[in-house]
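query28.cif, holding mmCIF, C-alpha atoms:
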```cif
data_start
#
loop_
_atom_site.label_atom_id
_atom_site.label_comp_id
_atom_site.auth_asym_id
_atom_site.auth_seq_id
_atom_site.Cartn_x
_atom_site.Cartn_y
_atom_site.Cartn_z
CA MET A 1110 126.97 -95.27 28.28
CA PRO A 1111 127.25 -92.50 25.68
CA GLU A 1112 126.65 -93.50 22.06
CA GLN A 1113 130.21 -92.69 21.03
CA ASP A 1114 131.47 -95.22 23.58
CA ARG A 1115 129.30 -98.02 22.15
CA PRO A 1116 130.44 -98.47 18.56
CA THR A 1117 129.06 -101.22 16.38
CA ILE A 1118 131.05 -104.36 15.70
CA THR A 1119 131.64 -103.07 12.16
CA ARG A 1120 133.32 -99.96 13.56
CA LEU A 1121 135.28 -101.94 16.14
CA ALA A 1122 136.49 -104.26 13.39
CA GLN A 1123 137.64 -101.29 11.33
CA GLU A 1124 139.51 -99.83 14.31
CA ILE A 1125 141.17 -103.15 15.13
CA GLY A 1126 142.07 -103.71 11.48
CA SER A 1127 143.70 -100.28 11.26
CA LEU A 1128 145.41 -100.76 14.67
CA ALA A 1129 143.59 -97.71 16.03
CA LEU A 1130 142.27 -100.09 18.69
CA THR A 1131 143.81 -103.30 19.98
CA PRO A 1132 141.91 -106.34 21.26
CA SER A 1133 143.70 -105.84 24.57
CA ALA A 1134 142.45 -102.27 24.87
CA LEU A 1135 138.91 -103.37 24.00
CA VAL A 1136 138.96 -106.09 26.66
CA GLU A 1137 140.14 -103.55 29.23
CA ARG A 1138 137.33 -101.22 28.18
CA CYS A 1139 134.78 -103.99 28.73
CA LEU A 1140 136.28 -104.99 32.08
CA ALA A 1141 136.18 -101.36 33.22
CA ARG A 1142 132.51 -101.14 32.28
CA ILE A 1143 131.81 -104.35 34.18
CA GLY A 1144 133.52 -102.79 37.18
CA GLU A 1145 131.25 -99.76 36.90
CA VAL A 1146 127.85 -101.41 36.63
CA GLU A 1147 127.95 -105.15 37.31
CA ALA A 1148 127.21 -104.83 41.03
CA ARG A 1149 123.85 -103.30 40.09
CA VAL A 1150 122.98 -105.30 36.96
CA GLN A 1151 124.36 -108.72 37.98
CA ALA A 1152 124.67 -110.06 34.45
CA TRP A 1153 127.73 -112.29 35.00
CA ARG A 1154 128.06 -115.64 36.73
CA LEU A 1155 131.81 -115.57 36.16
CA VAL A 1156 134.16 -113.05 34.54
CA ASP A 1157 137.35 -114.64 33.23
CA ALA A 1158 139.52 -111.53 33.15
CA GLU A 1159 142.78 -113.49 33.11
CA GLY A 1160 141.71 -115.74 30.24
CA ALA A 1161 140.31 -112.82 28.26
CA ARG A 1162 143.48 -110.80 28.68
CA ALA A 1163 145.64 -113.71 27.53
CA ALA A 1164 143.48 -114.27 24.44
CA ALA A 1165 143.45 -110.55 23.70
CA ALA A 1166 147.23 -110.33 23.89
CA ALA A 1167 147.59 -113.11 21.32
CA LEU A 1168 145.00 -111.55 19.02
CA THR A 1169 146.67 -108.15 19.38
CA GLU A 1170 149.91 -109.67 18.12
CA GLU A 1171 148.05 -111.26 15.21
CA ALA A 1172 146.53 -107.89 14.29
CA ARG A 1173 149.91 -106.18 14.42
CA ALA A 1174 151.24 -108.88 12.11
CA GLY A 1175 148.42 -108.19 9.67
CA ARG A 1176 146.56 -111.42 10.43
CA ILE A 1177 142.92 -110.45 10.93
CA ARG A 1178 140.59 -113.44 11.20
CA GLY A 1179 137.45 -111.52 10.27
CA PRO A 1180 134.95 -109.03 11.70
CA LEU A 1181 134.99 -110.66 15.15
CA HIS A 1182 138.76 -110.46 15.56
CA GLY A 1183 139.30 -109.22 19.11
CA ILE A 1184 135.58 -108.83 19.91
CA PRO A 1185 134.69 -109.82 23.51
CA VAL A 1186 131.70 -112.09 23.95
CA GLY A 1187 129.65 -113.33 26.90
CA VAL A 1188 128.50 -116.95 26.96
CA LYS A 1189 125.31 -118.07 28.67
CA ASP A 1190 126.12 -120.42 31.50
CA VAL A 1191 124.43 -123.42 29.93
CA ILE A 1192 127.09 -123.51 27.19
CA ASP A 1193 130.48 -125.12 27.83
CA VAL A 1194 133.61 -122.99 27.78
CA ALA A 1195 136.85 -124.91 28.21
CA GLY A 1196 138.36 -124.35 31.65
CA LEU A 1197 135.23 -122.76 33.14
CA PRO A 1198 132.45 -124.56 35.02
CA THR A 1199 128.96 -124.77 33.53
CA ARG A 1200 126.55 -124.26 36.44
CA ALA A 1201 123.31 -123.71 34.48
CA GLY A 1202 122.03 -121.23 37.04
CA SER A 1203 121.42 -124.02 39.55
CA ARG A 1204 122.61 -124.56 43.10
CA ALA A 1205 122.67 -128.25 42.21
CA CYS A 1206 125.62 -127.48 39.91
CA ASP A 1207 127.63 -125.24 42.25
CA GLY A 1208 130.38 -127.85 42.41
CA ALA A 1209 130.57 -128.47 38.67
CA PRO A 1210 134.15 -129.01 37.42
CA PRO A 1211 135.60 -126.90 34.61
CA ALA A 1212 134.43 -127.96 31.17
CA ALA A 1213 136.98 -130.10 29.34
CA ALA A 1214 136.30 -128.49 25.95
CA ASP A 1215 134.48 -125.64 24.27
CA ALA A 1216 131.03 -126.30 22.90
CA PRO A 1217 131.26 -126.19 19.08
CA VAL A 1218 129.49 -122.82 18.98
CA VAL A 1219 132.12 -121.37 21.32
CA ALA A 1220 134.91 -122.97 19.31
CA ARG A 1221 133.53 -121.32 16.18
CA LEU A 1222 133.52 -117.91 17.86
CA ARG A 1223 137.10 -118.36 19.02
CA ALA A 1224 138.17 -119.46 15.53
CA ALA A 1225 136.64 -116.23 14.21
CA GLY A 1226 138.74 -114.23 16.67
CA ALA A 1227 136.19 -113.59 19.40
CA ILE A 1228 137.34 -113.44 23.03
CA VAL A 1229 135.30 -115.18 25.72
CA LEU A 1230 134.95 -112.67 28.57
CA GLY A 1231 133.06 -115.05 30.85
CA LYS A 1232 129.78 -116.82 31.63
CA THR A 1233 126.51 -114.87 31.88
CA HIS A 1234 123.69 -115.65 34.28
CA THR A 1235 120.84 -117.90 33.18
CA THR A 1236 117.60 -118.91 34.81
CA GLU A 1237 117.89 -122.37 36.34
CA PHE A 1238 118.53 -124.90 33.56
CA ALA A 1239 117.18 -122.23 31.17
CA PHE A 1240 113.64 -122.57 32.58
CA PHE A 1241 111.67 -119.99 34.59
CA ASP A 1242 113.26 -119.85 38.07
CA PRO A 1243 114.89 -116.41 37.80
CA ALA A 1244 118.54 -115.46 37.75
CA PRO A 1245 119.72 -112.52 39.89
CA THR A 1246 120.10 -110.32 36.81
CA ARG A 1247 118.28 -106.99 36.62
CA ASN A 1248 117.10 -104.94 33.66
CA PRO A 1249 119.71 -102.20 33.00
CA HIS A 1250 116.97 -99.74 32.03
CA ARG A 1251 115.07 -100.17 35.29
CA LEU A 1252 116.75 -102.24 37.98
CA GLY A 1253 113.47 -103.23 39.59
CA HIS A 1254 112.22 -104.76 36.33
CA THR A 1255 112.99 -108.18 34.87
CA PRO A 1256 115.49 -108.48 32.03
CA GLY A 1257 113.53 -111.49 30.76
CA GLY A 1258 114.79 -115.03 30.58
CA SER A 1259 116.19 -117.46 30.30
CA SER A 1260 119.19 -115.71 28.71
CA SER A 1261 118.91 -112.96 31.31
CA GLY A 1262 122.58 -112.16 31.76
CA SER A 1263 123.42 -112.18 28.05
CA GLY A 1264 120.71 -109.69 27.14
CA ALA A 1265 121.51 -107.43 30.08
CA ALA A 1266 125.29 -107.54 29.56
CA VAL A 1267 124.95 -106.32 25.98
CA ALA A 1268 122.33 -103.73 26.93
CA ALA A 1269 124.52 -102.34 29.71
CA GLY A 1270 127.52 -101.99 27.39
CA MET A 1271 129.60 -104.60 29.22
CA VAL A 1272 130.22 -106.67 26.09
CA PRO A 1273 129.42 -106.15 22.38
CA LEU A 1274 128.16 -109.69 21.76
CA ALA A 1275 126.68 -112.54 23.80
CA LEU A 1276 125.31 -116.04 23.28
CA GLY A 1277 121.95 -117.21 24.57
CA THR A 1278 119.68 -120.18 23.99
CA GLN A 1279 115.98 -120.41 23.19
CA THR A 1280 113.58 -123.22 24.01
CA ASN A 1281 110.50 -121.05 24.42
CA ALA A 1282 111.23 -117.32 24.23
CA SER A 1283 114.63 -117.23 25.89
CA VAL A 1284 116.56 -115.25 23.28
CA CYS A 1285 113.82 -113.00 21.95
CA ARG A 1286 112.18 -111.88 25.20
CA PRO A 1287 115.38 -110.63 26.90
CA ALA A 1288 116.27 -108.74 23.72
CA ALA A 1289 112.89 -107.01 23.67
CA TYR A 1290 112.94 -106.22 27.39
CA CYS A 1291 116.56 -105.00 27.43
CA GLY A 1292 116.52 -103.00 24.19
CA VAL A 1293 119.05 -104.96 22.15
CA ALA A 1294 118.94 -106.95 18.93
CA ALA A 1295 118.94 -110.73 18.71
CA VAL A 1296 119.01 -113.49 16.12
CA LYS A 1297 117.49 -116.88 16.91
CA PRO A 1298 118.32 -119.10 13.92
CA THR A 1299 116.31 -122.01 12.56
CA SER A 1300 115.60 -124.49 15.33
CA ARG A 1301 118.43 -126.97 15.89
CA SER A 1302 120.41 -125.57 12.96
CA LEU A 1303 123.51 -125.01 15.11
CA PRO A 1304 125.31 -127.79 16.99
CA ALA A 1305 123.91 -128.43 20.47
CA ASP A 1306 126.92 -130.40 21.76
CA GLY A 1307 128.20 -128.87 24.97
CA VAL A 1308 124.89 -127.12 25.67
CA VAL A 1309 122.87 -128.18 28.72
CA PRO A 1310 119.57 -129.48 27.29
CA LEU A 1311 116.07 -128.43 28.27
CA ALA A 1312 113.80 -129.67 25.47
CA ALA A 1313 115.61 -131.13 22.48
CA SER A 1314 112.93 -130.30 19.91
CA PHE A 1315 113.42 -126.57 20.51
CA ASP A 1316 116.82 -125.87 22.15
CA THR A 1317 118.65 -123.45 19.84
CA VAL A 1318 121.66 -121.20 20.36
CA GLY A 1319 121.11 -117.53 19.48
CA VAL A 1320 123.13 -114.34 19.61
CA TYR A 1321 122.73 -110.83 21.02
CA GLY A 1322 124.22 -107.60 19.72
CA ARG A 1323 123.41 -103.98 20.29
CA THR A 1324 122.20 -103.73 16.69
CA LEU A 1325 120.86 -106.28 14.25
CA GLY A 1326 124.07 -105.91 12.25
CA ASP A 1327 126.08 -106.85 15.33
CA ALA A 1328 123.90 -109.90 16.05
CA ALA A 1329 124.11 -110.92 12.39
CA ALA A 1330 127.92 -110.76 12.53
CA GLY A 1331 127.85 -113.08 15.53
CA TYR A 1332 125.45 -115.44 13.79
CA ALA A 1333 127.70 -115.59 10.71
CA ALA A 1334 130.55 -116.85 12.89
CA LEU A 1335 128.31 -119.44 14.53
CA ALA A 1336 127.06 -120.64 11.15
CA GLY A 1337 130.58 -120.78 9.74
CA ALA A 1338 129.83 -118.27 6.98
CA PRO A 1339 127.43 -115.45 6.15
CA PRO A 1340 124.00 -116.86 5.25
CA ALA A 1341 123.87 -117.57 1.53
CA GLY A 1342 121.37 -115.67 -0.58
CA ARG A 1343 120.87 -112.41 -2.37
CA ALA A 1344 120.63 -109.12 -0.53
CA ALA A 1345 117.20 -107.60 -0.25
CA GLY A 1346 116.55 -105.26 -3.13
CA GLY A 1347 113.48 -103.16 -3.74
CA PRO A 1348 110.32 -103.14 -1.66
CA LEU A 1349 109.66 -106.02 0.71
CA ARG A 1350 106.38 -107.86 0.99
CA ILE A 1351 105.84 -107.97 4.75
CA GLY A 1352 103.10 -109.98 6.38
CA VAL A 1353 101.81 -108.31 9.54
CA VAL A 1354 100.67 -111.25 11.63
CA VAL A 1355 97.09 -111.15 12.88
CA ASP A 1356 95.95 -113.59 15.57
CA PRO A 1357 93.67 -113.37 18.64
CA LEU A 1358 96.74 -113.90 20.85
CA TYR A 1359 97.84 -110.38 20.04
CA ASP A 1360 94.67 -108.96 21.58
CA ARG A 1361 96.63 -109.23 24.84
CA ALA A 1362 99.09 -106.57 23.68
CA THR A 1363 99.09 -103.34 25.65
CA GLY A 1364 98.36 -100.01 24.04
CA THR A 1365 102.08 -99.31 24.08
CA VAL A 1366 102.88 -102.41 22.04
CA ARG A 1367 100.02 -101.73 19.62
CA GLY A 1368 101.31 -98.22 19.15
CA VAL A 1369 104.82 -99.48 18.45
CA MET A 1370 103.51 -101.90 15.83
CA ASP A 1371 101.30 -99.25 14.20
CA ALA A 1372 104.18 -96.78 14.03
CA ALA A 1373 106.51 -99.43 12.59
CA CYS A 1374 103.99 -100.39 9.92
CA ALA A 1375 103.39 -96.77 8.98
CA ARG A 1376 107.09 -96.09 8.59
CA LEU A 1377 107.69 -99.22 6.54
CA ALA A 1378 104.73 -98.44 4.27
CA ALA A 1379 105.92 -94.85 3.82
CA ALA A 1380 109.27 -96.24 2.64
CA GLY A 1381 107.51 -98.21 -0.08
CA HIS A 1382 107.32 -101.65 1.47
CA ARG A 1383 104.13 -103.63 0.92
CA LEU A 1384 102.40 -104.55 4.16
CA GLU A 1385 99.43 -106.89 4.34
CA PRO A 1386 97.70 -108.98 7.01
CA ALA A 1387 98.98 -112.52 7.52
CA ARG A 1388 96.69 -114.88 9.40
CA PRO A 1389 98.09 -118.23 10.60
CA PRO A 1390 96.04 -121.33 9.70
CA THR A 1391 96.19 -122.57 13.31
CA ARG A 1392 95.34 -120.37 16.27
CA PHE A 1393 98.48 -119.39 18.15
CA GLU A 1394 96.85 -120.39 21.45
CA ASP A 1395 96.62 -123.95 20.12
CA LEU A 1396 100.30 -123.86 19.16
CA ILE A 1397 101.18 -122.77 22.69
CA ASP A 1398 99.39 -125.81 24.09
CA ILE A 1399 101.24 -128.14 21.70
CA HIS A 1400 104.58 -126.53 22.55
CA ASP A 1401 103.89 -126.90 26.26
CA THR A 1402 103.20 -130.63 25.94
CA VAL A 1403 106.35 -131.32 23.94
CA MET A 1404 108.52 -129.12 26.14
CA ALA A 1405 107.23 -130.60 29.41
CA TYR A 1406 107.78 -134.18 28.27
CA GLU A 1407 111.29 -133.49 26.99
CA THR A 1408 112.26 -131.41 30.03
CA ALA A 1409 111.23 -134.30 32.27
CA ALA A 1410 113.31 -136.68 30.18
CA ALA A 1411 116.33 -134.39 30.48
CA HIS A 1412 116.08 -133.42 34.15
CA ALA A 1413 113.91 -135.80 36.18
CA ALA A 1414 116.90 -137.62 37.65
CA THR A 1415 118.65 -134.38 38.59
CA VAL A 1416 115.51 -132.90 40.14
CA ARG A 1417 114.90 -135.98 42.26
CA ALA A 1418 118.51 -136.25 43.36
CA ALA A 1419 118.95 -132.56 44.16
CA GLY A 1420 115.64 -132.02 45.96
CA ASP A 1421 115.27 -128.50 47.35
CA LEU A 1422 118.38 -127.33 45.50
CA ILE A 1423 116.14 -127.16 42.42
CA GLY A 1424 113.75 -124.22 42.03
CA PRO A 1425 110.00 -124.72 42.41
CA ARG A 1426 109.05 -123.87 38.82
CA LEU A 1427 111.37 -126.46 37.29
CA ARG A 1428 110.39 -129.11 39.85
CA ALA A 1429 106.70 -128.61 39.07
CA PHE A 1430 107.28 -128.65 35.31
CA VAL A 1431 109.26 -131.87 35.48
CA GLU A 1432 106.51 -133.53 37.51
CA ARG A 1433 103.97 -132.40 34.93
CA GLY A 1434 106.12 -133.75 32.14
CA LEU A 1435 106.41 -137.12 33.84
CA ALA A 1436 102.61 -137.40 33.77
CA ILE A 1437 102.51 -137.06 29.95
CA THR A 1438 102.27 -140.41 28.20
CA THR A 1439 104.49 -141.30 25.27
CA ASP A 1440 101.40 -141.54 23.06
CA ARG A 1441 100.32 -138.03 24.00
CA TYR A 1442 103.82 -136.70 23.40
CA GLU A 1443 104.08 -138.35 19.98
CA ALA A 1444 100.66 -136.99 19.02
CA ALA A 1445 101.82 -133.50 20.02
CA ARG A 1446 104.97 -133.90 17.94
CA ARG A 1447 102.87 -134.86 14.91
CA ALA A 1448 100.57 -131.89 15.53
CA MET A 1449 103.61 -129.63 15.76
CA ASP A 1450 105.01 -130.80 12.45
CA GLU A 1451 101.61 -130.50 10.73
CA ALA A 1452 101.05 -127.00 12.14
CA ALA A 1453 104.48 -125.84 10.99
CA ALA A 1454 103.99 -127.20 7.48
CA ALA A 1455 100.58 -125.53 7.21
CA ALA A 1456 101.85 -122.23 8.57
CA TRP A 1457 104.76 -121.94 6.17
CA ARG A 1458 102.51 -122.82 3.23
CA THR A 1459 100.19 -120.00 4.31
CA PHE A 1460 102.98 -117.51 4.97
CA GLY A 1461 104.98 -118.46 1.88
CA GLY A 1462 104.09 -115.40 -0.21
CA HIS A 1463 105.79 -112.97 2.18
CA ASP A 1464 109.44 -111.93 2.28
CA LEU A 1465 109.21 -111.41 6.03
CA LEU A 1466 106.66 -111.61 8.80
CA LEU A 1467 106.30 -108.86 11.39
CA ALA A 1468 104.95 -109.39 14.90
CA PRO A 1469 105.39 -108.06 18.44
CA PRO A 1470 107.85 -110.13 20.52
CA VAL A 1471 106.19 -109.31 23.85
CA ALA A 1472 102.78 -108.25 25.13
CA ALA A 1473 104.20 -105.32 27.10
CA PRO A 1474 107.54 -103.76 28.04
CA ALA A 1475 109.50 -105.43 30.84
CA PRO A 1476 107.24 -105.80 33.88
CA ALA A 1477 108.21 -104.66 37.36
CA GLY A 1478 109.54 -107.25 39.77
CA LEU A 1479 112.33 -109.82 39.73
CA GLY A 1480 110.33 -112.88 40.74
CA SER A 1481 109.29 -113.64 37.17
CA THR A 1482 110.95 -113.37 33.76
CA GLY A 1483 107.76 -112.15 32.05
CA ASP A 1484 105.27 -113.58 29.58
CA PRO A 1485 106.83 -115.74 26.82
CA THR A 1486 103.68 -116.47 24.85
CA PHE A 1487 104.11 -113.98 21.99
CA VAL A 1488 107.27 -115.86 20.96
CA THR A 1489 106.19 -119.43 21.82
CA PRO A 1490 104.26 -120.12 18.57
CA TRP A 1491 107.23 -118.97 16.50
CA THR A 1492 109.58 -121.25 18.40
CA LEU A 1493 107.25 -124.15 17.60
CA LEU A 1494 107.13 -123.15 13.91
CA GLY A 1495 110.92 -123.43 13.85
CA GLY A 1496 112.03 -120.62 11.57
CA PRO A 1497 114.65 -117.95 12.27
CA LEU A 1498 113.66 -114.87 14.27
CA ALA A 1499 115.18 -111.43 14.69
CA VAL A 1500 114.34 -108.87 17.36
CA ILE A 1501 114.98 -105.22 16.51
CA PRO A 1502 114.95 -102.56 19.27
CA VAL A 1503 112.96 -99.49 18.23
CA GLY A 1504 113.42 -97.14 21.20
CA THR A 1505 111.60 -96.71 24.49
CA ASP A 1506 108.09 -96.09 25.74
CA ALA A 1507 107.00 -93.01 27.67
CA THR A 1508 108.48 -94.43 30.88
CA GLY A 1509 111.89 -95.21 29.37
CA LEU A 1510 111.46 -98.97 29.02
CA PRO A 1511 112.64 -100.53 25.72
CA VAL A 1512 110.23 -101.54 22.97
CA ALA A 1513 110.90 -103.76 19.97
CA VAL A 1514 109.52 -105.54 16.93
CA MET A 1515 110.22 -109.08 15.73
CA LEU A 1516 110.75 -110.51 12.26
CA ALA A 1517 110.22 -114.14 11.24
CA ALA A 1518 111.03 -116.22 8.17
CA PRO A 1519 110.65 -119.90 7.19
CA PRO A 1520 113.12 -122.53 8.40
CA GLY A 1521 116.42 -122.20 6.60
CA ALA A 1522 115.70 -118.65 5.41
CA GLU A 1523 118.31 -116.83 7.51
CA ALA A 1524 119.51 -114.99 4.40
CA ALA A 1525 116.06 -113.54 3.74
CA LEU A 1526 115.57 -112.71 7.40
CA LEU A 1527 118.87 -110.88 7.77
CA SER A 1528 118.94 -109.12 4.41
CA GLY A 1529 115.33 -108.00 4.74
CA GLY A 1530 115.91 -107.32 8.41
CA ALA A 1531 118.74 -104.95 7.54
CA ALA A 1532 116.32 -102.90 5.43
CA VAL A 1533 113.78 -102.87 8.26
CA ALA A 1534 116.42 -101.97 10.85
CA ALA A 1535 117.64 -99.07 8.73
CA LEU A 1536 114.19 -97.54 9.12
CA LEU A 1537 113.23 -98.57 12.65
CA GLU A 1538 116.22 -99.53 14.77
CA SER A 1539 117.03 -97.49 17.85
CA ALA A 1540 119.01 -99.24 20.61
CA PRO A 1541 118.46 -97.21 23.80
CA ASP A 1542 121.29 -96.51 26.24
CA PRO A 1543 120.34 -97.40 29.82
CA ALA A 1544 120.65 -94.87 32.60
CA ILE A 1545 121.67 -97.46 35.18
CA GLU A 1546 120.47 -96.32 38.58
CA SER A 1547 122.98 -95.86 41.36
#
```

So that I can check it, write out the structure of this file as structure tokens.
Amino acid sequence: MPEQDRPTITRLAQEIGSLALTPSALVERCLARIGEVEARVQAWRLVDAEGARAAAAALTEEARAGRIRGPLHGIPVGVKDVIDVAGLPTRAGSRACDGAPPAAADAPVVARLRAAGAIVLGKTHTTEFAFFDPAPTRNPHRLGHTPGGSSSGSGAAVAAGMVPLALGTQTNASVCRPAAYCGVAAVKPTSRSLPADGVVPLAASFDTVGVYGRTLGDAAAGYAALAGAPPAGRAAGGPLRIGVVVDPLYDRATGTVRGVMDAACARLAAAGHRLEPARPPTRFEDLIDIHDTVMAYETAAAHAATVRAAGDLIGPRLRAFVERGLAITTDRYEAARRAMDEAAAAAWRTFGGHDLLLAPPVAAPAPAGLGSTGDPTFVTPWTLLGGPLAVIPVGTDATGLPVAVMLAAPPGAEAALLSGGAAVAALLESAPDPAIES
């Protein structure tokens, strides 16, 4: 979609506020785009055109009466299909939930978006129960490549220009990896900082709602609505002290990813920011092992009964993971939880002198094939450490696949992440438009 047809949420808000654009017209624009490309991308589990049109008509009348709720007034949003939307079924990407009844109420995160004036356009595809059995969604930049997971449909819907904003969830790398693979921005806030009511669980220690936008500014606007207010704190002023994370895990990065990181560091340094190595006190490989133990145990607790009752309706990856989780003793799980808390405390003491941390979100651009959602391990340690994360698209590689960088900050430091992230995005951000194949 041409750049002029994909304005930022800031510009859309200005147009809606001035009545140059109505929420109804914006919904029709999104529905038309869905009609153009959805058959190829397959980002949506359900499009609620009737509900979106009704909400848009009401918000159009509010705008004409001068009642603008805020920057999301009239902005369409996709909701990952593990999050309840009143009147729509939550199927969690699973055949076992094909007969699910409509949700009785919005999840609190959805209610907050609606209160801010956002319009729910429908439910986006997810991997099964937000684990690794893939959704049908394809990467808009290369239809034979994965869009990542588990928030596959949300990342792809924003990337393909079908919706300006979408919700995802992250338990491992499920917000950040689709953003990096699809060439959009994302914000994953501090773990468990947003209400999880009305969200299908996977592993309670990590499950966190996040938001996608074409730009970091768009994602930040969505996060502000979810949080109830913009993150408190001063705007970034002057040079940032940025820790460039160094760990043996990143030896797996391809030459493309290393080149992206080198170019990003050079540009940030040339702008006057102070970059220095930041080495975690615990090897990231060890953090991955701890995360895996906690996640397997909690996934088994959440889904063992469903897996056993549904049998072959459940995908093989989730079935195997649940069985592995059932073999973990409570003592081993509690030891892993203690190790997780100790590792996080040590890491944030070590990283405390930096305004932001910079790292690659993925080892390589989106791999070919739809049977896997790609490697999550570059994000896994950060999910365990619990702080907010932001993915910033920085263009494409030589083959046209998106590339990105990721920023991290300590738990509760969304203000620092987003204010510093805005300065970084001003220098690096480039959200590529997909040439969706016919």

May I ask which of the residues A:Cys1374, A:Ala1334, A:Val1296, A:Val1272 is the closest one to A:Ala1224, counting only C-alpha atoms? A:Ala1334

Considering all atoms listed in the file, give me a table of residues in stretch 1187-1224 of chain A that are at most 12 Å from stretch 1146-1152 of chain A, with the closest atom pair and distance in Å for each, as a Markdown table.
```
| residue | atom | partner | partner_atom | distance |
| --- | --- | --- | --- | --- |
| A:Gly1187 | CA | A:Ala1152 | CA | 9.6 |
| A:Val1188 | CA | A:Ala1152 | CA | 10.9 |
| A:Lys1189 | CA | A:Ala1152 | CA | 9.9 |
| A:Asp1190 | CA | A:Ala1152 | CA | 10.9 |
| A:Gly1202 | CA | A:Ala1152 | CA | 11.8 |
```

Prev. selection, C-alpha atoms, output as a CSV table (one decimal), in the coordinates of the input:
```
chain,number,residue,atom,x,y,z
A,1187,GLY,CA,129.6,-113.3,26.9
A,1188,VAL,CA,128.5,-117.0,27.0
A,1189,LYS,CA,125.3,-118.1,28.7
A,1190,ASP,CA,126.1,-120.4,31.5
A,1202,GLY,CA,122.0,-121.2,37.0
```

My list of candidates is A:Ser1528, A:Thr1363, A:Thr1489, A:Thr1324. Which is closest to A:Pro1476 when distances are computed with all atoms listed in the file? A:Thr1363

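Minimum distance to A:Ala1329 across A:Ala1161, A:Ala1445, A:Val1500, A:Ala1195 (counting all atoms listed in the file) occurs at A:Val1500.
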
Considering all atoms listed in the file, state which residue in the set A:Met1271, A:Ile1423, A:Arg1115, A:Asp1327 is at the smallest distance from A:Asp1207. A:Ile1423

Spell out the residues picked by the PyMOL selection byres ((chain A and resi 1215) around 12) here, as a PyMOL selection string. chain A and resi 1188+1191-1199+1211-1214+1216-1224+1229+1304-1308

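If all atoms listed in the file are the atoms counted, then among A:Ala1531, A:Ala1289, A:Leu1155, A:Met1515 the closest residue to A:Leu1325 is A:Ala1531.
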
Would you mind listing what lies within 10 Å of A:Ala1328 as a PyMOL selection string, with all atoms listed in the file counted and same-chain residues fewer than 2 positions away left out? chain A and resi 1118+1273-1276+1293-1297+1319-1326+1330-1333+1499-1500+1527

Selection near stretch 1490-1495 of chain A, 7 Å with all atoms listed in the file, sequence-local residues under 5 positions removed, as a ChimeraX atom specification: /A:1281,1299-1300,1315,1393,1396-1397,1400,1449,1453,1520

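Residue membership of the PyMOL selection byres ((chain A and resi 1128) around 12) in the shown file amounts to Leu1121, Ala1122, Gln1123, Glu1124, Ile1125, Gly1126, Ser1127, Ala1129, Leu1130, Thr1131, Pro1132, Ser1133, Ala1134, Leu1135, Leu1168, Thr1169, Glu1170, Glu1171, Ala1172, Arg1173, Ala1174, Gly1175, Arg1176, Ile1177, His1182 and Gly1183 of chain A.
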
Selected residue of minimal separation from A:Lys1232 among A:Ala1362, A:Leu1252, A:Val1186, A:Val1309, counting all atoms listed in the file: A:Val1186

Skip A:Gln1279 itself and residues of its chain fewer than 6 positions away, then list as number ranges by chain all residues within 7 Å of it, counting all atoms listed in the file. A: 1316-1319

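Taking atom CA of A:Ala1419 as the reference point, atom CA of A:Ala1205 is found at 6.0 Å.
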